[in-house]
Each structure stands twice: as C-alpha cells, then as structure tokens.
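Source file structure.txt; content: compact mmCIF, C-alpha atoms and all ligand atoms.
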# COMPACT_ATOMS: atom_id res chain seq x y z
CA MET G 1 54.88 -18.62 -60.17
CA LYS G 2 57.18 -18.56 -63.15
CA GLY G 3 58.50 -22.00 -62.24
CA MET G 4 54.98 -23.27 -61.74
CA GLU G 5 53.83 -22.01 -65.16
CA ARG G 6 56.83 -23.60 -66.79
CA ARG G 7 56.10 -26.90 -65.04
CA LEU G 8 52.43 -26.79 -66.17
CA ALA G 9 53.48 -26.10 -69.74
CA GLU G 10 55.82 -29.07 -69.61
CA ILE G 11 53.04 -31.35 -68.34
CA LYS G 12 50.59 -30.05 -70.96
CA SER G 13 53.09 -30.98 -73.66
CA VAL G 14 52.80 -34.61 -72.51
CA ILE G 15 49.26 -34.87 -71.11
CA PRO G 16 46.40 -34.06 -73.48
CA GLU G 17 43.51 -32.01 -72.10
CA VAL G 18 39.91 -32.83 -72.92
CA GLU G 19 36.71 -30.82 -72.50
CA PRO G 20 34.08 -32.22 -70.06
CA GLN G 21 31.80 -33.33 -72.93
CA GLU G 22 34.66 -35.31 -74.46
CA ALA G 23 35.50 -36.80 -71.05
CA LEU G 24 31.91 -38.02 -70.78
CA GLU G 25 32.10 -39.58 -74.25
CA LEU G 26 35.39 -41.29 -73.41
CA GLN G 27 33.82 -42.61 -70.20
CA SER G 28 30.88 -44.05 -72.13
CA ARG G 29 33.38 -45.87 -74.36
CA GLY G 30 35.17 -47.49 -71.40
CA ALA G 31 37.62 -44.89 -70.15
CA VAL G 32 37.91 -44.44 -66.38
CA LEU G 33 37.00 -40.97 -65.20
CA ILE G 34 38.95 -40.39 -62.00
CA ASP G 35 37.83 -37.67 -59.62
CA VAL G 36 40.94 -36.78 -57.58
CA ARG G 37 39.27 -34.19 -55.34
CA GLU G 38 39.08 -34.70 -51.58
CA THR G 39 36.02 -36.14 -49.85
CA ASP G 40 34.63 -32.79 -48.67
CA GLU G 41 34.76 -31.39 -52.22
CA ILE G 42 33.12 -34.47 -53.72
CA ALA G 43 30.30 -34.26 -51.17
CA ASN G 44 28.75 -31.51 -53.33
CA GLY G 45 28.66 -33.66 -56.43
CA SER G 46 30.74 -35.81 -58.73
CA PRO G 47 30.13 -37.21 -62.23
CA LYS G 48 28.14 -40.43 -62.26
CA GLY G 49 30.28 -43.54 -62.42
CA ALA G 50 33.50 -41.64 -61.67
CA LEU G 51 36.18 -43.45 -59.71
CA ARG G 52 36.68 -41.30 -56.61
CA LEU G 53 40.27 -41.57 -55.64
CA GLY G 54 41.54 -38.62 -53.61
CA ARG G 55 44.85 -37.13 -54.73
CA GLY G 56 46.52 -38.30 -51.50
CA TYR G 57 45.89 -41.99 -52.26
CA LEU G 58 46.05 -41.89 -56.03
CA GLU G 59 49.44 -43.53 -56.62
CA LEU G 60 48.89 -45.97 -53.75
CA ARG G 61 45.56 -47.33 -54.95
CA ILE G 62 45.45 -46.88 -58.71
CA GLU G 63 46.99 -50.23 -59.61
CA GLU G 64 44.47 -52.10 -57.49
CA GLN G 65 41.58 -50.11 -59.00
CA VAL G 66 42.77 -50.04 -62.61
CA PRO G 67 45.22 -52.89 -63.23
CA ASP G 68 45.16 -52.43 -67.03
CA LYS G 69 47.82 -49.83 -67.81
CA ASP G 70 46.59 -49.41 -71.39
CA ARG G 71 43.13 -48.30 -70.33
CA THR G 72 42.29 -44.67 -71.06
CA LEU G 73 42.21 -42.56 -67.88
CA VAL G 74 40.67 -39.11 -67.66
CA LEU G 75 41.59 -37.27 -64.49
CA MET G 76 39.52 -34.44 -63.10
CA CYS G 77 39.62 -32.05 -60.16
CA ALA G 78 37.78 -28.82 -59.35
CA GLY G 79 39.41 -26.51 -61.87
CA GLY G 80 41.73 -28.59 -64.03
CA VAL G 81 45.17 -27.91 -62.50
CA ARG G 82 45.52 -30.60 -59.83
CA SER G 83 44.29 -33.15 -62.37
CA LEU G 84 47.17 -32.23 -64.68
CA PHE G 85 49.70 -32.99 -61.96
CA ALA G 86 47.81 -36.17 -61.05
CA ALA G 87 47.72 -37.28 -64.68
CA ASP G 88 51.43 -36.65 -64.99
CA ALA G 89 52.05 -38.85 -61.91
CA LEU G 90 50.03 -41.72 -63.39
CA HIS G 91 51.75 -41.34 -66.76
CA LYS G 92 55.06 -41.75 -64.95
CA LEU G 93 53.68 -44.89 -63.25
CA GLY G 94 53.33 -46.44 -66.70
CA TYR G 95 49.73 -45.66 -67.71
CA SER G 96 49.94 -45.14 -71.45
CA ASP G 97 46.85 -43.02 -72.18
CA VAL G 98 46.23 -40.46 -69.44
CA ARG G 99 44.30 -37.24 -70.03
CA SER G 100 43.20 -34.34 -67.89
CA MET G 101 39.79 -32.71 -67.94
CA ALA G 102 40.07 -28.98 -68.60
CA GLY G 103 38.05 -26.74 -66.29
CA GLY G 104 37.39 -29.57 -63.82
CA PHE G 105 34.08 -30.23 -62.11
CA ASN G 106 33.19 -26.51 -62.23
CA ARG G 107 33.11 -26.57 -66.02
CA TRP G 108 31.40 -29.99 -66.02
CA LYS G 109 28.59 -28.52 -63.90
CA ASN G 110 28.42 -25.24 -65.86
CA ASN G 111 28.06 -27.24 -69.07
CA GLY G 112 24.96 -28.87 -67.57
CA LEU G 113 26.40 -32.38 -67.49
CA ASP G 114 24.90 -34.94 -65.14
CA PHE G 115 26.34 -35.56 -61.69
CA GLU G 116 25.35 -37.23 -58.44
CA ILE G 117 25.83 -36.52 -54.75
CA PRO G 118 27.91 -39.47 -53.57
CA ARG G 119 27.30 -41.09 -50.22
CA PHE G 120 30.09 -41.98 -47.83
CA LEU G 121 30.40 -43.96 -44.65
CA SER G 122 31.11 -41.89 -41.58
CA ASP G 123 34.56 -42.22 -39.99
CA SER G 124 33.07 -44.29 -37.19
CA ASP G 125 31.40 -46.65 -39.70
CA LYS G 126 34.69 -46.93 -41.58
CA GLU G 127 36.30 -48.07 -38.37
CA ARG G 128 33.49 -50.45 -37.41
CA TYR G 129 33.30 -52.10 -40.83
CA SER G 130 36.97 -51.87 -41.76
CA ARG G 131 37.26 -55.65 -42.35
CA HIS G 132 34.32 -55.45 -44.77
CA LEU G 133 35.84 -52.50 -46.57
CA LEU G 134 38.92 -54.59 -47.30
CA LEU G 135 36.78 -57.07 -49.25
CA PRO G 136 36.13 -55.87 -52.81
CA GLU G 137 32.88 -57.93 -52.74
CA VAL G 138 31.57 -55.63 -50.00
CA GLY G 139 33.60 -52.40 -49.91
CA GLU G 140 32.14 -49.00 -49.10
CA GLU G 141 29.39 -49.35 -51.69
CA GLY G 142 28.30 -52.74 -50.31
CA GLN G 143 28.40 -51.46 -46.75
CA LEU G 144 26.16 -48.53 -47.71
CA LYS G 145 23.84 -51.01 -49.39
CA LEU G 146 23.69 -53.09 -46.21
CA LYS G 147 22.86 -49.92 -44.28
CA ASP G 148 19.86 -49.43 -46.58
CA SER G 149 18.83 -53.10 -46.38
CA LYS G 150 15.88 -54.46 -44.46
CA VAL G 151 15.83 -58.06 -43.29
CA LEU G 152 12.87 -59.67 -41.54
CA LEU G 153 13.49 -62.54 -39.15
CA ILE G 154 10.57 -64.77 -38.29
CA GLY G 155 11.33 -65.98 -34.80
CA ALA G 156 13.86 -64.60 -32.33
CA GLY G 157 14.69 -68.15 -31.27
CA GLY G 158 17.44 -70.67 -31.99
CA LEU G 159 17.94 -69.65 -35.62
CA GLY G 160 16.87 -66.02 -35.30
CA SER G 161 19.20 -65.32 -32.36
CA PRO G 162 22.54 -65.88 -34.12
CA ALA G 163 21.20 -64.61 -37.44
CA ALA G 164 19.92 -61.33 -35.97
CA PHE G 165 23.05 -60.85 -33.87
CA TYR G 166 25.45 -61.29 -36.77
CA LEU G 167 23.35 -59.37 -39.29
CA ALA G 168 23.31 -56.49 -36.81
CA ALA G 169 27.08 -56.77 -36.39
CA ALA G 170 27.49 -56.83 -40.18
CA GLY G 171 25.63 -53.54 -40.47
CA VAL G 172 22.22 -54.44 -41.93
CA GLY G 173 20.38 -51.17 -41.35
CA THR G 174 16.93 -52.48 -40.42
CA LEU G 175 16.08 -55.77 -38.75
CA GLY G 176 12.46 -56.76 -38.32
CA LEU G 177 11.74 -59.36 -35.63
CA VAL G 178 8.49 -61.29 -35.45
CA ASP G 179 7.92 -63.22 -32.24
CA HIS G 180 5.02 -63.27 -29.81
CA ASP G 181 6.76 -65.40 -27.20
CA VAL G 182 8.59 -64.60 -23.96
CA VAL G 183 12.06 -65.81 -22.98
CA ASP G 184 11.96 -69.15 -21.20
CA ARG G 185 14.91 -70.50 -19.23
CA SER G 186 14.98 -73.57 -21.52
CA ASN G 187 15.62 -71.24 -24.50
CA LEU G 188 19.00 -70.10 -23.18
CA GLN G 189 20.76 -73.34 -24.15
CA ARG G 190 20.79 -72.05 -27.76
CA GLN G 191 18.98 -68.69 -28.11
CA ILE G 192 22.08 -66.62 -27.42
CA ILE G 193 20.54 -63.21 -28.00
CA HIS G 194 18.61 -63.60 -24.72
CA THR G 195 20.00 -63.64 -21.17
CA GLU G 196 19.23 -65.15 -17.80
CA ALA G 197 18.16 -61.75 -16.49
CA ARG G 198 15.55 -61.43 -19.23
CA VAL G 199 13.74 -64.71 -18.62
CA GLY G 200 10.04 -63.95 -18.62
CA THR G 201 10.32 -60.81 -20.78
CA SER G 202 9.32 -60.51 -24.42
CA LYS G 203 11.75 -62.10 -26.88
CA VAL G 204 11.43 -59.13 -29.21
CA ALA G 205 12.32 -56.67 -26.42
CA SER G 206 15.17 -58.90 -25.25
CA ALA G 207 16.62 -59.25 -28.75
CA ARG G 208 16.27 -55.51 -29.31
CA GLN G 209 18.30 -54.82 -26.18
CA SER G 210 21.15 -57.14 -27.26
CA ILE G 211 21.21 -55.69 -30.77
CA GLU G 212 21.22 -52.10 -29.52
CA GLU G 213 24.11 -52.86 -27.20
CA LEU G 214 26.05 -54.45 -30.04
CA ASN G 215 25.29 -51.93 -32.79
CA PRO G 216 23.13 -48.93 -31.88
CA ASP G 217 22.88 -47.83 -35.52
CA VAL G 218 20.68 -50.80 -36.41
CA LYS G 219 16.99 -50.03 -36.42
CA VAL G 220 15.04 -52.87 -34.81
CA VAL G 221 11.38 -53.13 -35.73
CA GLY G 222 9.56 -55.50 -33.40
CA TYR G 223 6.33 -57.36 -34.14
CA GLU G 224 5.12 -58.96 -30.93
CA THR G 225 2.40 -60.77 -32.70
CA ARG G 226 1.55 -64.10 -34.24
CA LEU G 227 2.13 -64.03 -38.00
CA ASP G 228 -1.15 -64.80 -39.75
CA ALA G 229 -3.01 -64.30 -43.01
CA SER G 230 -4.25 -60.89 -41.90
CA ASN G 231 -0.85 -59.31 -41.20
CA VAL G 232 1.71 -61.28 -43.23
CA GLU G 233 1.67 -59.18 -46.40
CA GLU G 234 1.73 -55.85 -44.65
CA ILE G 235 4.73 -56.95 -42.56
CA PHE G 236 6.64 -58.66 -45.39
CA SER G 237 6.16 -55.87 -47.92
CA ALA G 238 8.58 -53.57 -46.06
CA TYR G 239 11.55 -56.00 -46.30
CA ASP G 240 14.11 -57.10 -48.90
CA VAL G 241 14.76 -60.59 -47.56
CA ILE G 242 12.79 -62.87 -45.23
CA LEU G 243 14.58 -65.31 -42.90
CA ASP G 244 12.38 -68.20 -41.91
CA GLY G 245 13.52 -69.29 -38.45
CA THR G 246 10.32 -70.92 -37.27
CA ASP G 247 9.75 -74.57 -36.50
CA ASN G 248 6.05 -74.04 -36.52
CA LEU G 249 4.81 -75.72 -39.68
CA PRO G 250 1.69 -73.63 -40.29
CA THR G 251 3.85 -70.49 -40.05
CA ARG G 252 6.40 -72.02 -42.42
CA TYR G 253 3.70 -72.55 -45.07
CA LEU G 254 2.37 -69.05 -44.50
CA ILE G 255 5.88 -67.57 -44.91
CA ASN G 256 6.38 -69.59 -48.08
CA ASP G 257 3.07 -68.60 -49.64
CA ALA G 258 3.49 -64.92 -48.81
CA CYS G 259 7.09 -64.82 -50.10
CA VAL G 260 6.04 -66.45 -53.38
CA LYS G 261 3.12 -64.06 -53.77
CA LEU G 262 5.17 -60.95 -52.98
CA GLY G 263 8.30 -62.11 -54.86
CA LYS G 264 10.50 -61.96 -51.74
CA PRO G 265 13.57 -64.20 -51.30
CA ASN G 266 12.89 -66.66 -48.48
CA VAL G 267 16.05 -67.84 -46.73
CA HIS G 268 14.70 -70.98 -45.20
CA ALA G 269 16.30 -73.10 -42.49
CA ALA G 270 15.30 -75.89 -40.17
CA VAL G 271 17.03 -77.86 -37.41
CA TYR G 272 16.31 -81.30 -36.05
CA ARG G 273 18.34 -82.95 -33.24
CA PHE G 274 21.87 -82.96 -34.77
CA GLU G 275 20.93 -81.95 -38.32
CA GLY G 276 20.15 -78.75 -40.10
CA GLN G 277 19.24 -77.53 -43.56
CA VAL G 278 19.37 -74.22 -45.40
CA THR G 279 18.16 -73.07 -48.79
CA VAL G 280 16.97 -69.94 -50.58
CA PHE G 281 13.50 -70.15 -52.14
CA TRP G 282 13.02 -67.44 -54.74
CA PRO G 283 10.69 -68.50 -57.56
CA SER G 284 10.65 -64.97 -59.04
CA HIS G 285 14.46 -64.66 -59.26
CA PRO G 286 15.12 -63.04 -62.67
CA ASP G 287 17.88 -65.43 -63.79
CA ARG G 288 17.72 -68.47 -61.55
CA PRO G 289 14.11 -69.06 -60.46
CA THR G 290 13.81 -71.73 -57.77
CA GLY G 291 10.97 -73.83 -56.46
CA CYS G 292 9.30 -73.19 -53.13
CA TYR G 293 8.66 -75.04 -49.89
CA ARG G 294 5.50 -76.54 -51.35
CA CYS G 295 7.49 -78.03 -54.23
CA MET G 296 9.11 -80.24 -51.56
CA PHE G 297 6.14 -80.67 -49.26
CA PRO G 298 2.89 -79.74 -51.04
CA SER G 299 0.80 -79.56 -47.87
CA PRO G 300 1.30 -79.69 -44.11
CA PRO G 301 1.26 -83.07 -42.37
CA PRO G 302 -1.74 -83.89 -40.20
CA PRO G 303 -1.84 -82.28 -36.74
CA GLY G 304 0.57 -83.91 -34.31
CA ALA G 305 2.59 -85.68 -37.04
CA ALA G 306 5.55 -83.30 -36.99
CA PRO G 307 7.48 -83.21 -33.71
CA SER G 308 9.08 -79.91 -32.62
CA CYS G 309 12.32 -79.11 -30.75
CA SER G 310 10.43 -78.98 -27.51
CA GLU G 311 9.46 -82.62 -28.02
CA ILE G 312 12.57 -84.18 -29.56
CA GLY G 313 15.43 -81.93 -28.50
CA VAL G 314 18.15 -80.14 -30.43
CA LEU G 315 21.86 -79.80 -29.78
CA GLY G 316 22.34 -76.25 -28.45
CA VAL G 317 25.11 -75.17 -30.82
CA LEU G 318 23.45 -76.57 -33.94
CA PRO G 319 21.00 -73.70 -34.61
CA GLY G 320 24.01 -71.39 -34.22
CA VAL G 321 25.70 -73.00 -37.21
CA VAL G 322 22.52 -73.12 -39.25
CA GLY G 323 21.29 -69.62 -38.35
CA LEU G 324 24.66 -68.20 -39.38
CA LEU G 325 24.56 -70.06 -42.69
CA GLN G 326 21.18 -68.42 -43.16
CA SER G 327 22.56 -64.96 -42.43
CA ILE G 328 25.45 -65.49 -44.87
CA GLU G 329 22.90 -66.41 -47.57
CA ALA G 330 20.99 -63.24 -46.70
CA LEU G 331 24.14 -61.12 -47.18
CA LYS G 332 24.82 -62.84 -50.53
CA VAL G 333 21.27 -62.10 -51.69
CA LEU G 334 21.51 -58.48 -50.53
CA LEU G 335 24.93 -57.74 -52.03
CA GLY G 336 24.85 -60.09 -55.01
CA PHE G 337 28.20 -61.77 -54.46
CA GLY G 338 28.98 -65.50 -54.55
CA GLU G 339 26.42 -68.17 -55.29
CA PRO G 340 23.39 -68.17 -53.01
CA LEU G 341 21.77 -71.55 -52.31
CA LEU G 342 19.22 -71.10 -55.10
CA GLY G 343 17.61 -74.42 -56.00
CA GLN G 344 19.95 -76.22 -53.62
CA MET G 345 19.54 -77.44 -50.07
CA LEU G 346 22.64 -77.40 -47.90
CA TYR G 347 22.32 -80.20 -45.42
CA TYR G 348 24.50 -80.32 -42.29
CA ASP G 349 24.95 -83.45 -40.20
CA ALA G 350 26.75 -82.51 -37.00
CA LEU G 351 27.33 -86.14 -35.94
CA ARG G 352 29.12 -86.99 -39.20
CA ALA G 353 30.59 -83.49 -39.43
CA SER G 354 29.45 -83.39 -43.05
CA PHE G 355 27.86 -80.91 -45.40
CA ASP G 356 25.93 -82.18 -48.42
CA LYS G 357 24.21 -80.22 -51.15
CA LEU G 358 21.05 -81.58 -52.67
CA LYS G 359 19.33 -80.20 -55.77
CA LEU G 360 15.83 -78.92 -55.16
CA PRO G 361 13.95 -79.01 -58.44
CA LYS G 362 10.98 -76.80 -59.09
CA ARG G 363 7.83 -78.91 -59.30
CA ALA G 364 5.88 -78.02 -62.44
CA GLY G 365 2.48 -78.61 -60.92
CA CYS G 366 3.19 -76.81 -57.63
CA SER G 367 0.00 -75.22 -56.34
CA CYS G 368 1.99 -72.23 -55.08
CA CYS G 369 4.81 -71.42 -57.54
CA GLY G 370 3.89 -73.60 -60.56
CA GLU G 371 3.24 -71.98 -63.96
CA SER G 372 -0.52 -72.32 -63.77
CA ALA G 373 -0.73 -71.66 -60.03
CA GLU G 374 -3.07 -68.86 -59.11
CA PHE G 375 -3.03 -67.34 -55.69
CA GLN G 376 -6.36 -67.90 -54.00
CA GLU G 377 -6.10 -67.00 -50.34
CA TYR G 378 -3.96 -68.02 -47.38
CA GLU G 379 -5.06 -71.32 -45.93
CA GLU G 380 -6.35 -71.47 -42.41
CA TYR G 381 -3.64 -73.79 -41.24
CA SER G 382 -4.37 -75.91 -38.24
CA GLU G 383 -1.77 -76.08 -35.48
CA VAL G 384 0.37 -79.14 -36.16
CA CYS G 385 2.82 -78.53 -33.38
CA ALA G 386 2.66 -76.58 -30.21
CA ALA G 387 6.00 -74.75 -30.04
CA PRO G 388 6.16 -71.23 -31.45
CA SER G 389 9.64 -70.17 -32.63
CA LYS G 390 12.77 -72.24 -32.11
ZN ZN G 401 6.54 -74.47 -55.43
Take the structure I supplied and represent it as structure tokens, if you would.
Ligand SMILES: [Zn+2]
Amino acid sequence: MKGMERRLAEIKSVIPEVEPQEALELQSRGAVLIDVRETDEIANGSPKGALRLGRGYLELRIEEQVPDKDRTLVLMCAGGVRSLFAADALHKLGYSDVRSMAGGFNRWKNNGLDFEIPRFLSDSDKERYSRHLLLPEVGEEGQLKLKDSKVLLIGAGGLGSPAAFYLAAAGVGTLGLVDHDVVDRSNLQRQIIHTEARVGTSKVASARQSIEELNPDVKVVGYETRLDASNVEEIFSAYDVILDGTDNLPTRYLINDACVKLGKPNVHAAVYRFEGQVTVFWPSHPDRPTGCYRCMFPSPPPPGAAPSCSEIGVLGVLPGVVGLLQSIEALKVLLGFGEPLLGQMLYYDALRASFDKLKLPKRAGCSCCGESAEFQEYEEYSEVCAAPSK
C-alpha cells in the first residue's frame, strides 16, 4: 500500500482534482466529462452527456473520440481513484489539460447532481449490427434510435418488399405493413419478401414470416385492410415515417393528404416499366419544408387514365432498386445524417443507367400544403386503376 499511496501522491501532483460541481461547470463550458467505469457500473447511472469510455478501451479509443489534445478532459470513476490513474495515462498520451473528479460518481450522486440511466445494445445486437456500429453516423446511439423507430409501409408489394426486408435487417424496431391483398404467383417476379409456397396467403402474413425469420426482434404490425379516410389517421399517427409503396393513385393522394395533415415525412416512390422515382415530401420540416404530391399533381387523373403495373409491366429488379432507395431515405430521416431528398426527385432510368435529380418546388397555391390551405376532409377518391399495391 505504501507504494500505491506514493504513486497516487505523484499523480495528484500532476493531475488537478475537481469537485463534481466544478466538473459539471467545466462540462457546460465545453470540457469532455469521461466516465471510465465499466458497463455494469454505468448501468445504474452516469452524468448526462458524459462520454462513456471504459477504462479498458480508454487509450485505444480516446484519439478517435477526442482528437483535440488541448480540450479540457475531466475523468471520473466510482470513487475518484481509477480516474486519477486514467487521467495520468491520458496526460502521458499528450492531452494538455486533464483533470480527475474527486469522489467519483458516488459524490456526484450524493451532491444531488443530475444523471441518467444509459441504454446499451445487448451483446447479440452488438454482433448483429457491428457494421453499423463502425459508422459514426449510426453508432450505438443511432442503432438504439432505430430500435425505437416506427416505419409504416403502404403496400407489401414491389417497393414494400425490399424496403421492409432491408429496414428489418437494419434494425428498425417496428414495421407497420398495410396491404389487403394476397400473394399472387405473378407478384414473385419482383416482390421478394413472398415465396412460391405462400401464393394465395395474405401478403401481410407472408411478409411477417420473412421478416421474423430474418430478424425476430422486429415487431411487425399488420393492417390487412384497405387504407381509407376512416382509418388513415389512426394508423399513421403511430409512426415516425411513412413509405408510400402503392401504385394505386387514390391511395397515393390519401397518403399525401394524411401525411401533410399529421406532419409526417412521406418517403414517396413510384415505378413505371424501366423507370423509377423517389422523393421525400415533408412540408412541415422545421428547416427545409418541401412541397407535397399535390404540388406536382393537384388532383387525380380521370378514372382509367393512369395505367398500372398490371397493365403495362415493370422490370422485376427495378422496384428493388427504387424500394431500397426509399428505405435509405427513411434511415436518413430517422437518424438525421446525410441529405434526404427534400424538395428533390431522384429519377432513375434503368435503360440509360442514369440517375437525375430534379428540383420539386413547393407550389404556393397548393390546396393541400399551401400557406392558405385549410384541411377540409379526405376526398372520396374514385378508383382510377384496378391494381392494389405494386
Ligand atoms: Zn402541396
């Protein structure tokens, strides 16, 4: 013990100690408060905003987490001893202003300072999502956010199949699926979430089975019903993002109108023969408000004027590309990284192998999202095409 006391005294002569209150003040002025305790200790609480970097990984990961060696670091542990050793190690790595919090988390708590119970991914989730955890844009925090996220897919068809499959693989916690149709053999050319053996069964049940086999942690909420004015708001209100994967025009207008009214981001996509398009409609976005589907097409065409996939055909792989672009936009909206297709339409031409981006301006006089627009009631749209969800 003598040697240990001497060693501590030596460290204290180099590393200044601060009281918890002072550590909090330093943190509010930009210092990094580093909690070096192990995961099981932190599970009972840790100061808000603290960087949780267990002692075992401290030297390995500190430079990636705090590249600026002149930034003030305050290290903390449970009682204030381990943090002294940790601070000494970082000082030796070249960090110029490293301090240790006296009394550790015990004193922090006893002094009545604020803390939170941090959430962690389970070991099995860490393994499953390890490639996400390597991306700073996602990381553990983003993965936990995805776990809490709820995405609604309208249609478990050509677009909904790849989108639902990949969103489930990516770890979106809740997927809602709206589809009243059954699997038809002609669907299997592109609707990859269904199988030959499930021809004739409900698309929602079939998609649920594929998702559960892929990722049993995803909660699938099925709506084997036709979306209409009477149920749209109740269904939409439970979700963070809506993916429009229908080629039924009345439904597309209904989705648009409900998303605008409820302020939900609408990740819209459509496919036609060898072409596809994707955009994010979100007129109530706080910084970058967009237009809506009615800004482009104010009202539905007359019945019979718009052909559907079942009439004109679609290349089987095409909705795969477009549905996945849609699911990437959904992840960007959920996690806030990158630049979602707000106010822009991404247009894909498979024959030319080209992507083009077109600006989609908001139309001032839009009856749905315009400044003076007032929501009346959902229109009773007439059927303009026969096919349900492709
Ligand atoms: Zn509009």
Compile the contact shell of Arg37 in chain G as a list in words: residues with an atom at most 12 Å away, counting all atoms listed in the file, same-chain residues fewer than 6 positions apart removed.
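Residues near the query, excluding close chain neighbours: Ala43, Asn44, Gly45, Ser46, Pro47, Ala50, Leu51, Arg52, Leu53, Gly54, Arg55, Gly56, Tyr57, Leu58, Leu75, Met76, Cys77, Ala78, Gly79, Gly80, Val81, Arg82, Ser83, Ala86, Gly104, Phe105 and Asn106 of chain G.
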Contacts to ligand ZN 401 (chain G) at 7 Å cut-off (all atoms listed in the file) as a PDB file with C-alpha atoms, in the frame of the given file:
ATOM      1  CA  GLY G 291      10.970 -73.830 -56.460  1.00  0.00           C
ATOM      2  CA  CYS G 292       9.300 -73.190 -53.130  1.00  0.00           C
ATOM      3  CA  TYR G 293       8.660 -75.040 -49.890  1.00  0.00           C
ATOM      4  CA  ARG G 294       5.500 -76.540 -51.350  1.00  0.00           C
ATOM      5  CA  CYS G 295       7.490 -78.030 -54.230  1.00  0.00           C
ATOM      6  CA  LYS G 362      10.980 -76.800 -59.090  1.00  0.00           C
ATOM      7  CA  ARG G 363       7.830 -78.910 -59.300  1.00  0.00           C
ATOM      8  CA  CYS G 366       3.190 -76.810 -57.630  1.00  0.00           C
ATOM      9  CA  SER G 367       0.000 -75.220 -56.340  1.00  0.00           C
ATOM     10  CA  CYS G 368       1.990 -72.230 -55.080  1.00  0.00           C
ATOM     11  CA  CYS G 369       4.810 -71.420 -57.540  1.00  0.00           C
ATOM     12  CA  GLY G 370       3.890 -73.600 -60.560  1.00  0.00           C
TER      13      GLY G 370
END
Nearest residue to Pro136 in chain G from the set G:Ala9, G:Leu335, G:Asp184, G:Leu325 (distances using all atoms listed in the file)
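Ranked by minimum distance to Pro136 in chain G, first place goes to G:Leu335.
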Do you have, as a Markdown table, the list of residues of range 282-332 of chain G lying at most 8 Å from range 159-183 of chain G, each with its nearest atom pair and that distance in Å to one decimal, counting all atoms listed in the file and ordered by chain then number?
| residue | atom | partner | partner_atom | distance |
| --- | --- | --- | --- | --- |
| G:Pro319 | CA | G:Leu159 | CA | 5.2 |
| G:Gly320 | CA | G:Pro162 | CA | 5.7 |
| G:Val322 | CA | G:Leu159 | CA | 6.8 |
| G:Gly323 | CA | G:Leu159 | CA | 4.3 |
| G:Leu324 | CA | G:Ala163 | CA | 5.4 |
| G:Gln326 | CA | G:Ala163 | CA | 6.9 |
| G:Ser327 | CA | G:Ala163 | CA | 5.2 |
Pick from G:Gln21, G:Thr290, G:Ser372, G:Ser202: nearest to Gly103 in chain G, with only C-alpha atoms counted?
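Using only C-alpha atoms, the shortest distance to Gly103 in chain G belongs to G:Gln21.
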List the spatial neighbours of Lys264 in chain G as a PDB file with C-alpha atoms, keeping the file's coordinate frame - criterion: any atom at most 10 Å away, all atoms listed in the file, same-chain residues fewer than 4 positions off excluded.
ATOM      1  CA  PHE G 236       6.640 -58.660 -45.390  1.00  0.00           C
ATOM      2  CA  SER G 237       6.160 -55.870 -47.920  1.00  0.00           C
ATOM      3  CA  TYR G 239      11.550 -56.000 -46.300  1.00  0.00           C
ATOM      4  CA  ASP G 240      14.110 -57.100 -48.900  1.00  0.00           C
ATOM      5  CA  VAL G 241      14.760 -60.590 -47.560  1.00  0.00           C
ATOM      6  CA  ILE G 242      12.790 -62.870 -45.230  1.00  0.00           C
ATOM      7  CA  ILE G 255       5.880 -67.570 -44.910  1.00  0.00           C
ATOM      8  CA  ASN G 256       6.380 -69.590 -48.080  1.00  0.00           C
ATOM      9  CA  ALA G 258       3.490 -64.920 -48.810  1.00  0.00           C
ATOM     10  CA  CYS G 259       7.090 -64.820 -50.100  1.00  0.00           C
ATOM     11  CA  VAL G 260       6.040 -66.450 -53.380  1.00  0.00           C
ATOM     12  CA  PHE G 281      13.500 -70.150 -52.140  1.00  0.00           C
ATOM     13  CA  TRP G 282      13.020 -67.440 -54.740  1.00  0.00           C
ATOM     14  CA  PRO G 283      10.690 -68.500 -57.560  1.00  0.00           C
ATOM     15  CA  SER G 284      10.650 -64.970 -59.040  1.00  0.00           C
ATOM     16  CA  HIS G 285      14.460 -64.660 -59.260  1.00  0.00           C
TER      17      HIS G 285
END
Restricting the calculation to all atoms listed in the file, which member of G:Asn215, G:Gln209, G:Ser186, G:Gln65 is positioned closest to Arg128 in chain G?
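Answer, going by the shortest atom-to-atom distance: G:Asn215.
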Just the number, please: distance in Å from CA of Pro118 in chain G to CA of Leu144 in chain G, one decimal.
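For CA of Pro118 in chain G relative to CA of Leu144 in chain G, the distance reads 10.9 Å.
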Coordinates-based distance that separates CA of Leu243 in chain G from CA of Val271 in chain G (Å, one decimal)
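Pair CA of Val271 in chain G / CA of Leu243 in chain G returns 13.9 Å.
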Taken to one decimal, the CA of Leu93 in chain G-CA of Glu59 in chain G distance is 8.0 Å
